[in-house]
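Undergrad: Structure: input_7.cif, mmCIF, C-alpha atoms and all ligand atoms.
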data_model
#
loop_
_atom_site.label_atom_id
_atom_site.label_comp_id
_atom_site.auth_asym_id
_atom_site.auth_seq_id
_atom_site.Cartn_x
_atom_site.Cartn_y
_atom_site.Cartn_z
CA MET A 1 -8.73 -1.05 -5.62
CA ARG A 2 -9.44 0.62 -8.91
CA THR A 3 -6.28 2.68 -9.20
CA GLN A 4 -3.92 -0.04 -7.98
CA ARG A 5 -0.90 -0.50 -10.25
CA GLN A 6 2.79 -1.43 -10.33
CA VAL A 7 2.13 -4.27 -7.92
CA VAL A 8 5.24 -6.04 -6.61
CA ASP A 9 4.63 -9.32 -4.83
CA TYR A 10 7.19 -10.47 -2.25
CA SER A 11 5.67 -13.87 -1.49
CA LEU A 12 8.55 -15.74 -3.14
CA GLN A 13 11.12 -13.99 -0.94
CA LYS A 14 8.94 -14.64 2.08
CA ARG A 15 8.61 -18.32 1.29
CA ALA A 16 12.38 -18.65 0.78
CA LEU A 17 13.07 -16.95 4.10
CA LEU A 18 10.54 -19.11 5.94
CA ARG A 19 12.13 -22.22 4.45
CA ASP A 20 15.46 -21.12 5.89
CA VAL A 21 13.84 -20.45 9.25
CA HIS A 22 12.25 -23.87 9.34
CA ASN A 23 15.55 -25.46 8.27
CA GLY A 24 17.32 -23.66 11.06
CA LYS A 25 19.56 -21.72 8.67
CA VAL A 26 18.10 -18.46 9.90
CA GLY A 27 17.29 -17.92 13.57
CA THR A 28 13.80 -16.83 14.58
CA LEU A 29 15.30 -13.90 16.48
CA GLU A 30 16.57 -12.55 13.17
CA VAL A 31 13.16 -12.59 11.53
CA CYS A 32 10.95 -11.90 14.56
CA ASP A 33 12.26 -8.40 15.03
CA ALA A 34 9.24 -6.13 14.56
CA SER A 35 10.04 -2.74 16.06
CA PRO A 36 7.80 -1.23 18.75
CA TYR A 37 6.55 1.18 16.06
CA LEU A 38 5.56 -1.63 13.75
CA LYS A 39 3.82 -3.49 16.58
CA ASN A 40 1.92 -0.33 17.52
CA ALA A 41 0.97 0.21 13.90
CA ALA A 42 -0.34 -3.35 13.77
CA ARG A 43 -2.36 -2.80 16.91
CA PHE A 44 -3.92 0.51 15.93
CA HIS A 45 -4.01 0.52 12.12
CA GLY A 46 -3.62 -3.14 11.22
CA GLU A 47 -5.95 -5.27 9.18
CA PRO A 48 -6.59 -8.61 10.90
CA THR A 49 -6.32 -11.75 8.76
CA ASP A 50 -7.30 -15.40 9.19
CA ASP A 51 -3.75 -16.52 8.45
CA ARG A 52 -1.77 -18.05 11.28
CA CYS A 53 1.73 -16.77 11.89
CA PRO A 54 4.06 -19.05 9.90
CA VAL A 55 6.71 -18.91 12.65
CA CYS A 56 4.98 -19.30 16.03
CA ARG A 57 1.47 -20.41 14.93
CA ARG A 58 0.09 -18.79 18.09
CA ASP A 59 -1.57 -15.74 16.60
CA ASN A 60 -3.11 -14.56 13.35
CA LEU A 61 -1.15 -12.20 11.16
CA THR A 62 -2.00 -8.52 10.91
CA LEU A 63 -1.40 -6.50 7.76
CA VAL A 64 0.00 -2.98 8.10
CA HIS A 65 -0.24 -0.57 5.17
CA TYR A 66 2.45 2.12 5.03
CA ILE A 67 2.07 5.03 2.64
CA TYR A 68 4.88 6.96 0.95
CA GLY A 69 4.98 9.79 -1.55
CA ASP A 70 5.83 13.48 -1.91
CA GLU A 71 2.18 14.51 -2.03
CA LEU A 72 1.58 13.03 1.43
CA LYS A 73 3.88 15.62 3.02
CA GLN A 74 4.15 14.91 6.76
CA SER A 75 1.91 11.84 6.45
CA ALA A 76 4.55 10.06 4.38
CA GLY A 77 5.78 6.93 6.08
CA GLN A 78 2.69 6.59 8.27
CA ALA A 79 0.60 3.47 8.67
CA ARG A 80 -3.00 3.78 7.51
CA LYS A 81 -6.07 1.62 7.84
CA VAL A 82 -6.91 -0.08 4.58
CA ALA A 83 -10.34 1.61 4.66
CA GLU A 84 -8.63 5.00 4.41
CA LEU A 85 -6.76 4.17 1.22
CA PRO A 86 -9.59 4.61 -1.35
CA ALA A 87 -10.23 8.18 -0.19
CA LEU A 88 -6.52 8.98 -0.42
CA ALA A 89 -6.40 7.39 -3.86
CA MET A 90 -9.15 9.75 -5.00
CA THR A 91 -7.48 12.91 -3.69
CA LEU A 92 -3.84 12.26 -4.58
CA ARG A 93 -2.23 11.66 -7.92
CA GLU A 94 0.21 9.00 -6.86
CA PHE A 95 1.51 7.37 -3.71
CA GLN A 96 3.21 4.12 -2.77
CA VAL A 97 1.71 1.54 -0.43
CA PHE A 98 3.88 -1.03 1.35
CA VAL A 99 2.05 -3.92 2.98
CA VAL A 100 3.83 -5.62 5.88
CA GLU A 101 2.54 -8.69 7.69
CA VAL A 102 3.15 -8.75 11.42
CA CYS A 103 2.63 -11.32 14.16
CA GLN A 104 1.78 -9.56 17.39
CA SER A 105 2.83 -12.61 19.40
CA CYS A 106 6.35 -13.39 18.20
CA ALA A 107 7.12 -10.20 16.21
CA TRP A 108 7.59 -11.98 12.88
CA ASN A 109 7.31 -9.39 10.10
CA HIS A 110 7.82 -9.35 6.37
CA LEU A 111 7.08 -7.06 3.45
CA ILE A 112 4.53 -8.91 1.35
CA GLU A 113 3.49 -6.46 -1.33
CA GLN A 114 3.94 -2.95 -2.63
CA TYR A 115 1.87 -1.01 -5.11
CA VAL A 116 0.96 2.45 -6.32
CA LEU A 117 -2.42 4.14 -5.85
CA GLY A 118 -3.78 7.48 -6.99
CA GLN A 119 -5.68 9.33 -9.65
CA ASP A 120 -2.94 9.19 -12.25
CA ALA A 121 -4.16 5.67 -13.11
CA LEU A 122 -7.64 6.93 -13.94
CA GLN A 123 -6.32 9.44 -16.43
CA ALA A 124 -4.25 6.72 -18.10
CA ASP A 125 -7.33 4.47 -18.23
CA GLU A 126 -9.38 7.18 -19.88
CA LEU A 127 -6.73 7.72 -22.51
CA ASP A 128 -6.53 3.99 -23.20
CA GLN A 129 -10.25 3.55 -23.55
CA GLY A 130 -10.86 6.69 -25.55
CA GLY A 131 -14.47 7.77 -25.90
CA ALA A 132 -15.93 4.73 -24.18
CA VAL A 133 -15.29 6.16 -20.74
CA ALA A 134 -16.27 9.70 -21.68
CA SER A 135 -19.74 8.63 -22.78
CA SER A 136 -20.41 6.57 -19.65
CA ALA A 137 -21.87 8.00 -16.46
CA SER A 138 -18.43 8.36 -14.89
CA GLY A 139 -17.46 10.68 -17.73
CA ARG A 140 -19.35 13.42 -15.96
CA HIS A 141 -16.67 13.54 -13.27
CA ARG A 142 -14.11 14.75 -15.74
CA GLU A 143 -12.28 17.87 -14.79
CA THR A 144 -13.43 21.10 -16.33
CA GLY A 145 -10.07 22.74 -15.78
CA SER A 146 -9.14 22.77 -19.43
CA SER A 147 -11.66 25.50 -20.24
CA SER A 148 -10.38 27.79 -17.53
CA HIS A 149 -6.73 27.91 -18.46
CA ARG A 150 -5.43 31.40 -18.80
CA ARG A 151 -4.33 32.78 -22.13
CA GLU A 152 -1.00 34.46 -22.15
CA GLY A 153 -1.82 38.11 -22.60
CA ARG A 154 0.58 40.35 -24.47
CA GLN A 155 1.18 43.72 -23.01
ZN ZN A 201 4.26 -15.40 15.39
#
Could you quickly redo this structure as structure tokens?
TA:
Amino acid sequence: MRTQRQVVDYSLQKRALLRDVHNGKVGTLEVCDASPYLKNAARFHGEPTDDRCPVCRRDNLTLVHYIYGDELKQSAGQARKVAELPALAMTLREFQVFVVEVCQSCAWNHLIEQYVLGQDALQADELDQGGAVASSASGRHRETGSSSHRREGRQ
């Protein structure tokens, strides 16, 4: 996604945990503990993948995208379909996305990635690239707000 930034990848932690599970150092009950809410989120908002569950190998993993941020108001903390994220990224300045993989068979779950989306990235891009962006077709979408700011009148 165009405005994706501040990506944190948790695949190392996941691999380390799975190693411990396969070694028997960590019990599967401890890691296969997806809550009913998370399982519901996977069922209704999840993104199916072709990856087999690394614990039970019975089912493919589902990715759940949780969104957080002050601008989301009561939607903060909700799961969203990945297809809904670009529209949110175009209407909000900044929000966090947490991606959790879930197995709907054995309830394995793990945070795999987090990142930030939102329009703030576009403004930063435009500043970085200077006039190049302004002269392109997308430059026409620039806000016209600057011309309408109110002067402080003295009375
Ligand atoms: Zn599983």
Undergrad: Neighbours of ligand ZN 201 (chain A) within 9 Å, counting all atoms listed in the file, as an MDAnalysis selection string?
TA: chainID A and resid 32 52:61 102:109
Undergrad: Neighbours of A:Arg5 within 8 Å (all atoms listed in the file; same-chain residues fewer than 2 positions away dropped), as a list in words?
TA: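 Once the adjacent positions are removed, what remains is Thr3, Val7, Tyr115, Val116, Leu117 and Ala121 of chain A.
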Undergrad: Considering all atoms listed in the file, state which residue in the set A:Ala87, A:Leu122, A:His110, A:Arg15 is at the smallest distance from A:Ser35.
TA: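 Under the stated criterion, the closest residue is A:His110.
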Undergrad: At a cut-off of 12 Å, using all atoms listed in the file, what residues contact A:Met90? Leave out same-chain residues fewer than 2 positions from it and give the result as a ChimeraX atom specification.
TA: /A:1-4,84-88,92-95,117-123,141
Undergrad: Write out as an NGL selection string the residues lying within 8 Å of A:Tyr66, counting all atoms listed in the file and excluding same-chain residues fewer than 3 positions away.
TA: :A and (77-80 or 97-100)
Undergrad: Report the distance between atom CA of A:Gln6 and atom CA of A:Ala83 in Å, rounded to one decimal place.
TA: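 That distance, rounded to one decimal, is 20.2 Å.
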Undergrad: Enumerate, as JSON, numbers by chain, the protein, DNA and RNA residues whose atoms approach (3.2, 11.4, -2.3) to within 9 Å, taking into account all atoms listed in the file and the coordinate frame of the file.
TA: {"A": [67, 68, 69, 70, 71, 72, 73, 75, 76, 92, 93, 94, 95, 96]}
Undergrad: Mind giving me the straight-line distance from atom CA of A:Thr62 to atom CA of A:Lys25 in Å, one decimal?
TA: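 So the answer is 25.4 Å.
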Undergrad: I'd like the neighbourhood of A:Gln13 as a list in words, where a residue qualifies if any of its atoms comes within 12 Å (using only C-alpha atoms), though same-chain residues fewer than 4 positions away should be ignored.
TA: Val8, Asp9, Leu17, Leu18, Arg19, Asp20, His110, Leu111, Ile112 and Glu113 of chain A
Undergrad: Could you save those same residues with C-alpha atoms as a CSV table (one decimal), keeping the file's coordinate frame?
TA:
chain,number,residue,atom,x,y,z
A,8,VAL,CA,5.2,-6.0,-6.6
A,9,ASP,CA,4.6,-9.3,-4.8
A,17,LEU,CA,13.1,-17.0,4.1
A,18,LEU,CA,10.5,-19.1,5.9
A,19,ARG,CA,12.1,-22.2,4.4
A,20,ASP,CA,15.5,-21.1,5.9
A,110,HIS,CA,7.8,-9.4,6.4
A,111,LEU,CA,7.1,-7.1,3.4
A,112,ILE,CA,4.5,-8.9,1.4
A,113,GLU,CA,3.5,-6.5,-1.3
Undergrad: Just how far from atom CA of A:Val64 is atom CA of A:Ala34, in Å to one decimal?
TA: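 Computed distance, atom CA of A:Ala34 to atom CA of A:Val64, equals 11.7 Å.
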